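Trainee: The structure's right below; bear with me while I get my questions together.
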2 protein chains.
Amino acid sequence: MAELRRHTLRDIALTLNLSVNTVSRALSGKDGIGEKTRALVRAEAERVGYVPNSLARSLVLGSATTFGLVITNPSNPYYAQLISGIELRAKAHGYSLLLVVTDEAEENEARAAESLLRSSVSGAIVVPVQGQVDSWRRLGAVGVPTVLLNRDLPHLGYRFVGTDNELGAYQATAHAVARGARSVIVLEEDLPITTIANRIAGFRRAMAEAGLLVPRGSVISVPTRRYHHAALPWQPEEAYRVARRMLRRSRLPDAVVVGNDYFALGLYRALAEHGLKVPDDLMVIGFGDYPFAGFLSPSLTTVRLPAVEVGTTAVDLLLDEIAGGRGGQPRKQLIAPTLVVRESTGRPDGRRPIAG
Amino acid sequence: MAELRRHTLRDIALTLNLSVNTVSRALSGKDGIGEKTRALVRAEAERVGYVPNSLARSLVLGSATTFGLVITNPSNPYYAQLISGIELRAKAHGYSLLLVVTDEAEENEARAAESLLRSSVSGAIVVPVQGQVDSWRRLGAVGVPTVLLNRDLPHLGYRFVGTDNELGAYQATAHAVARGARSVIVLEEDLPITTIANRIAGFRRAMAEAGLLVPRGSVISVPTRRYHHAALPWQPEEAYRVARRMLRRSRLPDAVVVGNDYFALGLYRALAEHGLKVPDDLMVIGFGDYPFAGFLSPSLTTVRLPAVEVGTTAVDLLLDEIAGGRGGQPRKQLIAPTLVVRESTGRPDGRRPIAG
DNA sequence: GTGAAAGCGCTAACAT
DNA sequence: ATGTTAGCGCTTTCAC
């Protein structure tokens, strides 16, 4: 069926005594071709196992049916889900995915941008590192539709889809307050990204609305960046260290909101070692609703992030731009997260919550 | 710097009054070119922000500098790590990554194979679904070097890299036995893949060596396949259900070896609900050493899988084949996992183990 | 309804 | 050391 060299349109044309052109149109479903001819060509293509050469096709057309996907770290469960969602949607529309991992490093980002350019991707979905270097301007400049994910770079004017992190942190904090917390501490990654700035803003808003003070030191950074290596999970450990220091130093807060569910793991351990009980001594609220969150003990109240929805929206925006549309939609789209209440913030009804 | 149309070799040739060919060689670092000319060309390329068109290059050369990576489910932490590792290594050698997700479905697999073919990838790394359909033969048939990951298809003759699952399960079981277990139960996914068959074999070997019986029903399937949807984490929940049934029915085993750490979460919950203590009433051993394993309470003894090593080895094999080498290495390469002992199998020293 | 010709941007072979 | 020619496999334009 298939030999060592791939068959081309020319091969089929030759055996059928047709022109390459005719074969091309027969297979691409264009009209202006006899039904018998079309059937003939299709049969022969089938027989020899013809597979079109996308390189040639894309070269003529000026762009490949490929989307570039630039992610900081696929080992983050949130991004893993995102990748699946994006791949599924892209595939459904006939696009392949070129995956580039930046590992939160600007150097990689510059190379990633060039890689997408070289490959003539027809669109790009990018989680930018948000550093000093501007690696993504060129994509737009040469006409590659680009959508930013989760971290905005407003000056580029690209469309943006992300989670409403401000709202998420607000919900988390407000929930803690509603359950009686008067002092709340936030544990966040030390990345200089808007994601985190927004969460802190949400936290402050909730506190302000409740008329609660936010003393200095209420937002604690967990140093993770220098450990960034996409293949390694480092976060619970680092959060554990930071949490231990926190428990030694300060007066105990009533609740801790952490930047991701891994942090909650480290915090849980530190608290256990100090003989503190969650939620009785201290409430914990996570971010992410990672697969394990509902199965910890106590199960973790956490902000579920709409990873798949964010991903598919990004693809849709790209498809829309490729189709020429800029259908009046706003540049910036924020998708609301959902607070999933579990045991780590108390169980007022006395029953064990259902895992989610 | 960059305008809407990308610059080509021709553009540079025109402005410098050189032939396209000369420019090409100047930039590609071939010799037989004047140093001044080369400098001139490079400067101009830099000035206009020249980016080579890989489509054209690959079309001429017959294959793209791209590897196809076919994964069943990126939301599995093991595969997430694998992806990172592969991407890093491939990138270091100048290869991009075309990612295709199969979601354990044969239909997707057939389409995936064709997608790689269309894109003229220069190599493929594949985690096959191991179903009835033979989607991967054609790749090899048209000369695309292909490496199978984790699940072998020996009849294809492709190189294979994977984890030594037999050994992993053996270690896990032997460890439980060494800690006093006389009856051991295995909870595995219901996928018809060699991975799982091998683990069961390892389990049986350990039991046999210890002179222990393996009664019927010692291997329990957790139905996950029908839920397969790469973007959704379903496993703890399913394992929880199965574990609950197990606890109602049978006499209590001394230890349970589970197919992945998610299952351990479900099992933990079921045990807690039955008022059973780990490890005192029952030991639990996981598979995967997912990032949370060391932070559960009790922390989970588990088989750490060499995801990154498997991934980079796969890339190296591909590079080797592309370089023409088939350097006498065996077709099949198994990398040994490591048992990480933590609290869930008892703490003979009475001290809390360190998280890993 | 079908064919011939041109060209996408690049590299390789063969000039000079 | 540089230029010319040809061609990778496909689609588009324009004849017939």
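Chain labels follow the order of the structure tokens: the first chain is A, the next B, and so on; residue numbering restarts at 1 in every chain, and ligands are counted from 1 in their shown order.
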Would you give me, as CSV, each residue of chain A having an atom within 8 Å of an atom of chain C, along with its shortest atom pair and that distance in Å to one decimal, using only C-alpha atoms (C1' of nucleotides) and sorting by chain and residue number?
Mentor:
residue,atom,partner,partner_atom,distance
A:Ser19,CA,C:DG3,C1',6.2
A:Asn21,CA,C:DG3,C1',7.6
A:Thr22,CA,C:DT2,C1',6.7
A:Gly32,CA,C:DG1,C1',6.0
A:Ile33,CA,C:DG1,C1',5.3
A:Gly34,CA,C:DG1,C1',6.2
A:Leu59,CA,C:DC8,C1',5.4
A:Val60,CA,C:DC8,C1',4.4
A:Leu61,CA,C:DC8,C1',7.5
A:Gly62,CA,C:DC8,C1',7.3
Trainee: Would you mind exporting the chosen residues as an mmCIF file, in the first residue's frame, restricted to all heavy atoms?
Mentor:
data_model
loop_
_atom_site.group_PDB
_atom_site.id
_atom_site.type_symbol
_atom_site.label_atom_id
_atom_site.label_comp_id
_atom_site.auth_asym_id
_atom_site.auth_seq_id
_atom_site.Cartn_x
_atom_site.Cartn_y
_atom_site.Cartn_z
ATOM 1 N N SER A 19 -3.868 15.598 -15.637
ATOM 2 C CA SER A 19 -2.902 16.610 -15.213
ATOM 3 C C SER A 19 -2.909 16.698 -13.694
ATOM 4 O O SER A 19 -3.890 16.357 -13.037
ATOM 5 C CB SER A 19 -3.260 17.964 -15.805
ATOM 6 O OG SER A 19 -4.334 18.521 -15.086
ATOM 7 N N ASN A 21 -3.077 19.214 -11.940
ATOM 8 C CA ASN A 21 -4.121 20.155 -11.589
ATOM 9 C C ASN A 21 -5.467 19.463 -11.377
ATOM 10 O O ASN A 21 -6.153 19.681 -10.382
ATOM 11 C CB ASN A 21 -4.236 21.166 -12.721
ATOM 12 C CG ASN A 21 -5.129 22.299 -12.337
ATOM 13 O OD1 ASN A 21 -6.041 22.115 -11.536
ATOM 14 N ND2 ASN A 21 -4.873 23.458 -12.881
ATOM 15 N N THR A 22 -5.834 18.653 -12.326
ATOM 16 C CA THR A 22 -7.115 17.948 -12.248
ATOM 17 C C THR A 22 -7.178 17.085 -10.988
ATOM 18 O O THR A 22 -8.167 17.095 -10.254
ATOM 19 C CB THR A 22 -7.307 17.051 -13.479
ATOM 20 O OG1 THR A 22 -7.160 17.857 -14.649
ATOM 21 C CG2 THR A 22 -8.677 16.433 -13.466
ATOM 22 N N GLY A 32 -16.213 21.954 -11.005
ATOM 23 C CA GLY A 32 -15.628 22.071 -12.321
ATOM 24 C C GLY A 32 -14.830 20.824 -12.637
ATOM 25 O O GLY A 32 -13.711 20.888 -13.148
ATOM 26 N N ILE A 33 -15.432 19.725 -12.310
ATOM 27 C CA ILE A 33 -14.746 18.456 -12.553
ATOM 28 C C ILE A 33 -15.799 17.358 -12.734
ATOM 29 O O ILE A 33 -16.841 17.384 -12.078
ATOM 30 C CB ILE A 33 -13.797 18.120 -11.395
ATOM 31 C CG1 ILE A 33 -12.545 17.460 -11.968
ATOM 32 C CG2 ILE A 33 -14.442 17.155 -10.398
ATOM 33 C CD1 ILE A 33 -11.334 17.713 -11.193
ATOM 34 N N GLY A 34 -15.547 16.452 -13.661
ATOM 35 C CA GLY A 34 -16.524 15.408 -13.932
ATOM 36 C C GLY A 34 -16.644 14.438 -12.775
ATOM 37 O O GLY A 34 -15.674 14.166 -12.081
ATOM 38 N N LEU A 59 3.184 26.164 1.869
ATOM 39 C CA LEU A 59 4.121 27.079 1.218
ATOM 40 C C LEU A 59 3.389 27.937 0.196
ATOM 41 O O LEU A 59 3.557 29.157 0.145
ATOM 42 C CB LEU A 59 5.231 26.280 0.535
ATOM 43 C CG LEU A 59 6.285 27.111 -0.195
ATOM 44 C CD1 LEU A 59 6.969 28.073 0.758
ATOM 45 C CD2 LEU A 59 7.303 26.208 -0.859
ATOM 46 N N VAL A 60 2.566 27.308 -0.598
ATOM 47 C CA VAL A 60 1.787 28.051 -1.577
ATOM 48 C C VAL A 60 0.830 29.023 -0.886
ATOM 49 O O VAL A 60 0.742 30.196 -1.234
ATOM 50 C CB VAL A 60 0.962 27.093 -2.451
ATOM 51 C CG1 VAL A 60 0.030 27.867 -3.354
ATOM 52 C CG2 VAL A 60 1.878 26.200 -3.250
ATOM 53 N N LEU A 61 0.156 28.484 0.097
ATOM 54 C CA LEU A 61 -0.890 29.270 0.741
ATOM 55 C C LEU A 61 -0.336 30.357 1.664
ATOM 56 O O LEU A 61 -1.051 31.290 2.029
ATOM 57 C CB LEU A 61 -1.812 28.348 1.546
ATOM 58 C CG LEU A 61 -3.088 27.901 0.826
ATOM 59 C CD1 LEU A 61 -2.849 27.809 -0.677
ATOM 60 C CD2 LEU A 61 -3.546 26.553 1.355
ATOM 61 N N GLY A 62 0.908 30.233 2.035
ATOM 62 C CA GLY A 62 1.505 31.283 2.866
ATOM 63 C C GLY A 62 1.436 31.021 4.352
ATOM 64 O O GLY A 62 2.062 31.725 5.137
#
Trainee: Can you list, as a list of chain:residue names, every protein, DNA or RNA residue that comes within 9 Å of A:Asp254 when you count only C-alpha atoms (C1' of nucleotides), leaving out same-chain residues fewer than 2 positions away?
Mentor: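 In the requested format, the answer is A:Ala176, A:Val177, A:Gly180, A:Ala181, A:Arg182, A:Ser183, A:Val184, A:Ile185, A:Leu252, A:Val256, A:Asp281, A:Leu282, A:Met283, A:Val284.
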Trainee: Based on the selection just made, write N, CA, C and O atoms of those residues as a short mmCIF file (atom, residue, chain, number, x, y, z; two decimals), in the first residue's frame.
Mentor:
data_model
loop_
_atom_site.label_atom_id
_atom_site.label_comp_id
_atom_site.auth_asym_id
_atom_site.auth_seq_id
_atom_site.Cartn_x
_atom_site.Cartn_y
_atom_site.Cartn_z
N ALA A 176 -13.89 33.30 53.31
CA ALA A 176 -13.21 33.14 54.59
C ALA A 176 -13.79 34.11 55.62
O ALA A 176 -14.04 33.74 56.77
N VAL A 177 -13.99 35.33 55.18
CA VAL A 177 -14.53 36.34 56.08
C VAL A 177 -15.94 35.96 56.54
O VAL A 177 -16.29 36.05 57.71
N GLY A 180 -16.06 33.78 59.23
CA GLY A 180 -15.60 34.28 60.52
C GLY A 180 -14.16 34.76 60.59
O GLY A 180 -13.71 35.20 61.65
N ALA A 181 -13.45 34.68 59.48
CA ALA A 181 -12.05 35.13 59.53
C ALA A 181 -11.98 36.65 59.66
O ALA A 181 -12.74 37.37 59.03
N ARG A 182 -11.07 37.11 60.52
CA ARG A 182 -10.86 38.56 60.66
C ARG A 182 -9.49 38.93 60.09
O ARG A 182 -9.30 40.02 59.59
N SER A 183 -8.57 38.02 60.20
CA SER A 183 -7.25 38.28 59.60
C SER A 183 -6.97 37.18 58.58
O SER A 183 -7.13 35.99 58.87
N VAL A 184 -6.56 37.62 57.41
CA VAL A 184 -6.33 36.68 56.32
C VAL A 184 -4.95 36.95 55.72
O VAL A 184 -4.54 38.10 55.57
N ILE A 185 -4.27 35.87 55.40
CA ILE A 185 -2.95 35.99 54.79
C ILE A 185 -2.99 35.32 53.43
O ILE A 185 -3.72 34.35 53.22
N LEU A 252 -1.06 34.08 64.61
CA LEU A 252 -1.77 33.21 63.69
C LEU A 252 -2.91 33.96 62.99
O LEU A 252 -3.74 34.57 63.65
N VAL A 256 -5.80 31.36 55.48
CA VAL A 256 -4.73 31.58 54.51
C VAL A 256 -5.28 31.24 53.12
O VAL A 256 -5.83 30.15 52.92
N ASP A 281 -8.49 25.67 63.72
CA ASP A 281 -7.53 26.69 64.12
C ASP A 281 -7.28 27.71 63.02
O ASP A 281 -6.94 28.86 63.29
N LEU A 282 -7.46 27.25 61.82
CA LEU A 282 -7.09 28.10 60.69
C LEU A 282 -7.74 27.53 59.43
O LEU A 282 -7.73 26.33 59.20
N MET A 283 -8.30 28.43 58.63
CA MET A 283 -8.92 27.97 57.38
C MET A 283 -7.92 28.07 56.24
O MET A 283 -7.04 28.92 56.24
N VAL A 284 -8.08 27.19 55.27
CA VAL A 284 -7.20 27.21 54.10
C VAL A 284 -8.05 27.21 52.83
O VAL A 284 -9.01 26.46 52.72
#
Trainee: Point out the residue among A:His155, A:Arg5, A:Arg111, A:His274 with the least atom-to-atom distance to chain B, counting only C-alpha atoms.
Mentor: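 Smallest distance to chain B is found for A:Arg5.
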Trainee: DSSP says helix (DSSP H, G or I) for which residues of stretch 14-249 of chain A? Put them as a VMD selection string?
Mentor: chain A and resid 14 to 16 20 to 28 35 to 48 54 to 61 77 to 92 106 to 118 137 to 141 154 to 156 165 to 178 194 to 209 225 to 227 235 to 249
Trainee: For the contact check between chain D and chain B, emit one row per residue of chain D within 10 Å, containing the shortest atom pair and the distance in Å rounded to one decimal, counting only C-alpha atoms (C1' of nucleotides), chain then rising number order, as CSV.
Mentor:
residue,atom,partner,partner_atom,distance
D:DA1,C1',B:Ile33,CA,5.4
D:DT2,C1',B:Thr22,CA,6.6
D:DG3,C1',B:Ser19,CA,6.3
D:DT4,C1',B:Ser19,CA,9.1
D:DG7,C1',B:Val60,CA,8.2
D:DC8,C1',B:Val60,CA,4.4
D:DG9,C1',B:Leu59,CA,7.8
Trainee: Given only C-alpha atoms, how would the per-residue table for chain A near chain B read, listing every residue at most 8 Å away with its closest atom pair and distance in Å to one decimal, sorted by chain and number, as JSON lines?
Mentor:
{"residue": "A:Ala2", "atom": "CA", "partner": "B:Ala141", "partner_atom": "CA", "distance": 6.6}
{"residue": "A:Glu3", "atom": "CA", "partner": "B:Val142", "partner_atom": "CA", "distance": 6.0}
{"residue": "A:Leu4", "atom": "CA", "partner": "B:Val142", "partner_atom": "CA", "distance": 4.2}
{"residue": "A:Arg5", "atom": "CA", "partner": "B:Val142", "partner_atom": "CA", "distance": 5.9}
{"residue": "A:Arg6", "atom": "CA", "partner": "B:Val142", "partner_atom": "CA", "distance": 6.4}
{"residue": "A:Val51", "atom": "CA", "partner": "B:Arg118", "partner_atom": "CA", "distance": 6.1}
{"residue": "A:Pro52", "atom": "CA", "partner": "B:Arg118", "partner_atom": "CA", "distance": 5.8}
{"residue": "A:Asn53", "atom": "CA", "partner": "B:Arg118", "partner_atom": "CA", "distance": 5.1}
{"residue": "A:Ser54", "atom": "CA", "partner": "B:Arg118", "partner_atom": "CA", "distance": 5.3}
{"residue": "A:Leu55", "atom": "CA", "partner": "B:Leu55", "partner_atom": "CA", "distance": 5.4}
{"residue": "A:Ala56", "atom": "CA", "partner": "B:Leu59", "partner_atom": "CA", "distance": 6.2}
{"residue": "A:Ser58", "atom": "CA", "partner": "B:Leu55", "partner_atom": "CA", "distance": 7.1}
{"residue": "A:Leu59", "atom": "CA", "partner": "B:Leu55", "partner_atom": "CA", "distance": 5.8}
{"residue": "A:Asn73", "atom": "CA", "partner": "B:Ser84", "partner_atom": "CA", "distance": 7.6}
{"residue": "A:Pro74", "atom": "CA", "partner": "B:Ala80", "partner_atom": "CA", "distance": 5.7}
{"residue": "A:Ser75", "atom": "CA", "partner": "B:Ala80", "partner_atom": "CA", "distance": 5.0}
{"residue": "A:Pro77", "atom": "CA", "partner": "B:Ser75", "partner_atom": "CA", "distance": 6.5}
{"residue": "A:Ala80", "atom": "CA", "partner": "B:Ser75", "partner_atom": "CA", "distance": 4.9}
{"residue": "A:Gln81", "atom": "CA", "partner": "B:Ala231", "partner_atom": "CA", "distance": 4.8}
{"residue": "A:Leu82", "atom": "CA", "partner": "B:Ala231", "partner_atom": "CA", "distance": 7.4}
{"residue": "A:Ile83", "atom": "CA", "partner": "B:Pro74", "partner_atom": "CA", "distance": 7.4}
{"residue": "A:Ser84", "atom": "CA", "partner": "B:Ala231", "partner_atom": "CA", "distance": 5.4}
{"residue": "A:Gly85", "atom": "CA", "partner": "B:Ala231", "partner_atom": "CA", "distance": 6.1}
{"residue": "A:Glu87", "atom": "CA", "partner": "B:Val101", "partner_atom": "CA", "distance": 7.0}
{"residue": "A:Leu88", "atom": "CA", "partner": "B:Val101", "partner_atom": "CA", "distance": 7.7}
{"residue": "A:Ser96", "atom": "CA", "partner": "B:Leu98", "partner_atom": "CA", "distance": 7.1}
{"residue": "A:Leu97", "atom": "CA", "partner": "B:Leu99", "partner_atom": "CA", "distance": 5.6}
{"residue": "A:Leu98", "atom": "CA", "partner": "B:Leu98", "partner_atom": "CA", "distance": 4.7}
{"residue": "A:Leu99", "atom": "CA", "partner": "B:Leu97", "partner_atom": "CA", "distance": 5.6}
{"residue": "A:Val100", "atom": "CA", "partner": "B:Glu87", "partner_atom": "CA", "distance": 7.2}
{"residue": "A:Val101", "atom": "CA", "partner": "B:Glu87", "partner_atom": "CA", "distance": 7.0}
{"residue": "A:Glu114", "atom": "CA", "partner": "B:Val51", "partner_atom": "CA", "distance": 7.3}
{"residue": "A:Ser115", "atom": "CA", "partner": "B:Ser96", "partner_atom": "CA", "distance": 7.7}
{"residue": "A:Leu117", "atom": "CA", "partner": "B:Val51", "partner_atom": "CA", "distance": 7.1}
{"residue": "A:Arg118", "atom": "CA", "partner": "B:Asn53", "partner_atom": "CA", "distance": 5.1}
{"residue": "A:Ser119", "atom": "CA", "partner": "B:Ser54", "partner_atom": "CA", "distance": 5.4}
{"residue": "A:Ser120", "atom": "CA", "partner": "B:Asn53", "partner_atom": "CA", "distance": 7.3}
{"residue": "A:Arg138", "atom": "CA", "partner": "B:Ala2", "partner_atom": "CA", "distance": 6.9}
{"residue": "A:Ala141", "atom": "CA", "partner": "B:Leu4", "partner_atom": "CA", "distance": 5.9}
{"residue": "A:Val142", "atom": "CA", "partner": "B:Leu4", "partner_atom": "CA", "distance": 4.3}
{"residue": "A:Gly143", "atom": "CA", "partner": "B:Leu4", "partner_atom": "CA", "distance": 6.1}
{"residue": "A:Ala230", "atom": "CA", "partner": "B:Ser84", "partner_atom": "CA", "distance": 6.0}
{"residue": "A:Ala231", "atom": "CA", "partner": "B:Gln81", "partner_atom": "CA", "distance": 4.8}
{"residue": "A:Leu232", "atom": "CA", "partner": "B:Gln81", "partner_atom": "CA", "distance": 7.3}
{"residue": "A:Pro233", "atom": "CA", "partner": "B:Pro291", "partner_atom": "CA", "distance": 5.7}
{"residue": "A:Trp234", "atom": "CA", "partner": "B:Pro291", "partner_atom": "CA", "distance": 7.9}
{"residue": "A:Pro236", "atom": "CA", "partner": "B:Phe292", "partner_atom": "CA", "distance": 7.5}
{"residue": "A:Glu237", "atom": "CA", "partner": "B:Ala355", "partner_atom": "CA", "distance": 7.9}
{"residue": "A:Tyr262", "atom": "CA", "partner": "B:Phe292", "partner_atom": "CA", "distance": 7.2}
{"residue": "A:Leu265", "atom": "CA", "partner": "B:Phe295", "partner_atom": "CA", "distance": 5.8}
{"residue": "A:Gly266", "atom": "CA", "partner": "B:Phe295", "partner_atom": "CA", "distance": 6.9}
{"residue": "A:Arg269", "atom": "CA", "partner": "B:Phe295", "partner_atom": "CA", "distance": 6.7}
{"residue": "A:Pro291", "atom": "CA", "partner": "B:Pro233", "partner_atom": "CA", "distance": 5.7}
{"residue": "A:Phe292", "atom": "CA", "partner": "B:Leu265", "partner_atom": "CA", "distance": 7.1}
{"residue": "A:Phe295", "atom": "CA", "partner": "B:Leu265", "partner_atom": "CA", "distance": 5.8}
{"residue": "A:Leu296", "atom": "CA", "partner": "B:Leu296", "partner_atom": "CA", "distance": 7.0}
{"residue": "A:Ser297", "atom": "CA", "partner": "B:Ser297", "partner_atom": "CA", "distance": 7.6}
{"residue": "A:Val308", "atom": "CA", "partner": "B:Ala231", "partner_atom": "CA", "distance": 7.0}
{"residue": "A:Ala355", "atom": "CA", "partner": "B:Glu237", "partner_atom": "CA", "distance": 7.9}
Trainee: Could you tell me which of A:Asp320, A:Leu213, A:Ile335, A:Ser344 comes closest to A:Ala255 if we count only C-alpha atoms?
Mentor: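 Comparing A:Asp320, A:Leu213, A:Ile335, A:Ser344 against A:Ala255, the winner is A:Ser344.
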Trainee: Figure out the distance between atom CA of B:Ile71 and atom CA of B:Pro128, please, to one decimal in Å.
Mentor: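 Pair atom CA of B:Pro128 / atom CA of B:Ile71 returns 7.8 Å.
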Trainee: Which value, in Å to one decimal, gives the distance between atom CA of A:Thr173 and atom CA of A:Ala206?
Mentor: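 A separation of 6.0 Å between them.
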Trainee: Using atom CA of B:Pro253 and atom CA of B:Phe287 as the two end points, give the distance in Å to one decimal.
Mentor: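 Interatomic distance, atom CA of B:Pro253 to atom CA of B:Phe287: 18.4 Å.
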Trainee: List the spatial neighbours of stretch 157-165 of chain A as a list of chain:residue names - criterion: any atom at most 8 Å away, only C-alpha atoms (C1' of nucleotides), same-chain residues fewer than 4 positions off excluded.
Mentor: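 Result of the neighbour search: A:Gly140, A:Thr146, A:Val147, A:Leu148, A:Leu149, A:Asn150, A:Arg151, A:Asp152, A:Leu153, A:Ala169, A:Thr195, A:Ile196, A:Asn198, A:Arg199, A:Gly202, A:Leu305, A:Pro306, A:Val310, A:Thr313, A:Ala314, A:Leu317, A:Arg331, A:Lys332, A:Gln333, A:Leu334, A:Ile335, A:Ala336, A:Pro337.
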Trainee: Generate the output file for the selected residues, N, CA, C and O atoms, as a CSV table (one decimal), in the first residue's frame.
Mentor:
chain,number,residue,atom,x,y,z
A,140,GLY,N,2.3,39.7,15.5
A,140,GLY,CA,1.2,40.5,15.0
A,140,GLY,C,1.7,41.3,13.8
A,140,GLY,O,1.0,41.5,12.8
A,146,THR,N,-2.8,36.5,17.1
A,146,THR,CA,-2.2,36.1,18.3
A,146,THR,C,-3.2,36.4,19.5
A,146,THR,O,-3.7,37.5,19.6
A,147,VAL,N,-3.4,35.4,20.3
A,147,VAL,CA,-4.2,35.5,21.5
A,147,VAL,C,-3.4,35.3,22.7
A,147,VAL,O,-2.6,34.3,22.8
A,148,LEU,N,-3.5,36.2,23.6
A,148,LEU,CA,-2.8,36.1,24.9
A,148,LEU,C,-3.6,35.3,25.9
A,148,LEU,O,-4.8,35.6,26.0
A,149,LEU,N,-3.0,34.5,26.7
A,149,LEU,CA,-3.7,33.7,27.6
A,149,LEU,C,-3.3,34.0,29.1
A,149,LEU,O,-2.1,33.9,29.4
A,150,ASN,N,-4.3,34.3,29.9
A,150,ASN,CA,-4.0,34.4,31.3
A,150,ASN,C,-3.2,35.6,31.7
A,150,ASN,O,-3.4,36.2,32.8
A,151,ARG,N,-2.2,36.0,30.9
A,151,ARG,CA,-1.4,37.2,31.3
A,151,ARG,C,-1.5,38.2,30.1
A,151,ARG,O,-1.1,37.8,29.0
A,152,ASP,N,-1.9,39.3,30.4
A,152,ASP,CA,-2.2,40.3,29.4
A,152,ASP,C,-0.9,41.1,29.1
A,152,ASP,O,-0.1,41.3,30.0
A,153,LEU,N,-0.8,41.6,27.8
A,153,LEU,CA,0.2,42.6,27.5
A,153,LEU,C,-0.6,43.6,26.7
A,153,LEU,O,-0.6,43.6,25.4
A,169,ALA,N,-9.9,35.6,43.8
A,169,ALA,CA,-9.3,35.9,45.1
A,169,ALA,C,-10.3,36.6,46.0
A,169,ALA,O,-10.4,36.4,47.2
A,195,THR,N,-1.4,38.1,36.8
A,195,THR,CA,-2.2,37.1,37.5
A,195,THR,C,-2.2,37.3,39.0
A,195,THR,O,-3.3,37.4,39.6
A,196,ILE,N,-1.0,37.5,39.5
A,196,ILE,CA,-0.8,37.5,40.9
A,196,ILE,C,-1.2,38.9,41.4
A,196,ILE,O,-1.9,39.1,42.5
A,198,ASN,N,-3.5,40.8,40.2
A,198,ASN,CA,-4.9,40.8,40.2
A,198,ASN,C,-5.5,40.1,41.4
A,198,ASN,O,-6.5,40.5,42.0
A,199,ARG,N,-4.9,39.0,41.8
A,199,ARG,CA,-5.4,38.2,42.9
A,199,ARG,C,-5.2,39.0,44.2
A,199,ARG,O,-6.1,39.0,45.1
A,202,GLY,N,-7.9,41.5,44.4
A,202,GLY,CA,-9.2,40.9,44.8
A,202,GLY,C,-9.2,40.6,46.3
A,202,GLY,O,-10.3,40.9,47.0
A,305,LEU,N,-10.6,26.9,38.5
A,305,LEU,CA,-10.3,27.8,37.3
A,305,LEU,C,-10.8,27.1,36.1
A,305,LEU,O,-10.7,25.9,35.9
A,306,PRO,N,-11.4,27.9,35.2
A,306,PRO,CA,-12.1,27.4,34.0
A,306,PRO,C,-11.1,27.1,32.9
A,306,PRO,O,-11.1,27.7,31.8
A,310,VAL,N,-11.2,28.6,29.0
A,310,VAL,CA,-10.3,29.6,28.6
A,310,VAL,C,-9.6,29.1,27.3
A,310,VAL,O,-9.4,29.9,26.4
A,313,THR,N,-11.9,29.1,24.3
A,313,THR,CA,-12.2,30.4,23.9
A,313,THR,C,-11.1,31.0,23.1
A,313,THR,O,-11.3,31.7,22.0
A,314,ALA,N,-9.9,30.7,23.5
A,314,ALA,CA,-8.7,31.2,22.8
A,314,ALA,C,-8.7,30.7,21.3
A,314,ALA,O,-8.5,31.5,20.4
A,317,LEU,N,-11.3,32.5,19.3
A,317,LEU,CA,-10.9,33.9,18.9
A,317,LEU,C,-10.0,33.8,17.7
A,317,LEU,O,-10.1,34.6,16.8
A,331,ARG,N,-11.8,43.2,23.3
A,331,ARG,CA,-10.4,42.7,23.2
A,331,ARG,C,-10.1,41.7,24.4
A,331,ARG,O,-9.5,40.7,24.2
A,332,LYS,N,-10.7,42.1,25.5
A,332,LYS,CA,-10.3,41.4,26.7
A,332,LYS,C,-11.5,40.5,27.2
A,332,LYS,O,-12.6,41.0,27.4
A,333,GLN,N,-11.3,39.3,27.5
A,333,GLN,CA,-12.3,38.4,27.9
A,333,GLN,C,-11.9,37.7,29.2
A,333,GLN,O,-10.9,37.0,29.2
A,334,LEU,N,-12.7,37.9,30.3
A,334,LEU,CA,-12.4,37.3,31.5
A,334,LEU,C,-13.4,36.3,31.9
A,334,LEU,O,-14.6,36.6,31.8
A,335,ILE,N,-13.0,35.1,32.2
A,335,ILE,CA,-14.0,34.0,32.5
A,335,ILE,C,-13.9,33.8,34.0
A,335,ILE,O,-12.9,33.8,34.7
A,336,ALA,N,-15.1,33.8,34.6
A,336,ALA,CA,-15.2,33.7,36.1
A,336,ALA,C,-14.9,32.4,36.6
A,336,ALA,O,-15.3,31.3,36.0
A,337,PRO,N,-14.1,32.3,37.6
A,337,PRO,CA,-13.8,31.0,38.3
A,337,PRO,C,-15.0,30.7,39.3
A,337,PRO,O,-15.9,31.5,39.5
Trainee: Per DSSP on the backbone, filter stretch 56-264 of chain A down to the residues in strand (DSSP E or B) and report them as a PyMOL selection string.
Mentor: chain A and resi 66-71+96-101+123-126+146-149+159-163+184-189+219-222+255-258
Trainee: Would you please work out which residue, of A:Leu167, A:Val222, A:Ile12, A:Ile322, is nearest to A:Ala201 when using only C-alpha atoms?
Mentor: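 Nearest candidate to A:Ala201 out of A:Leu167, A:Val222, A:Ile12, A:Ile322: A:Leu167.
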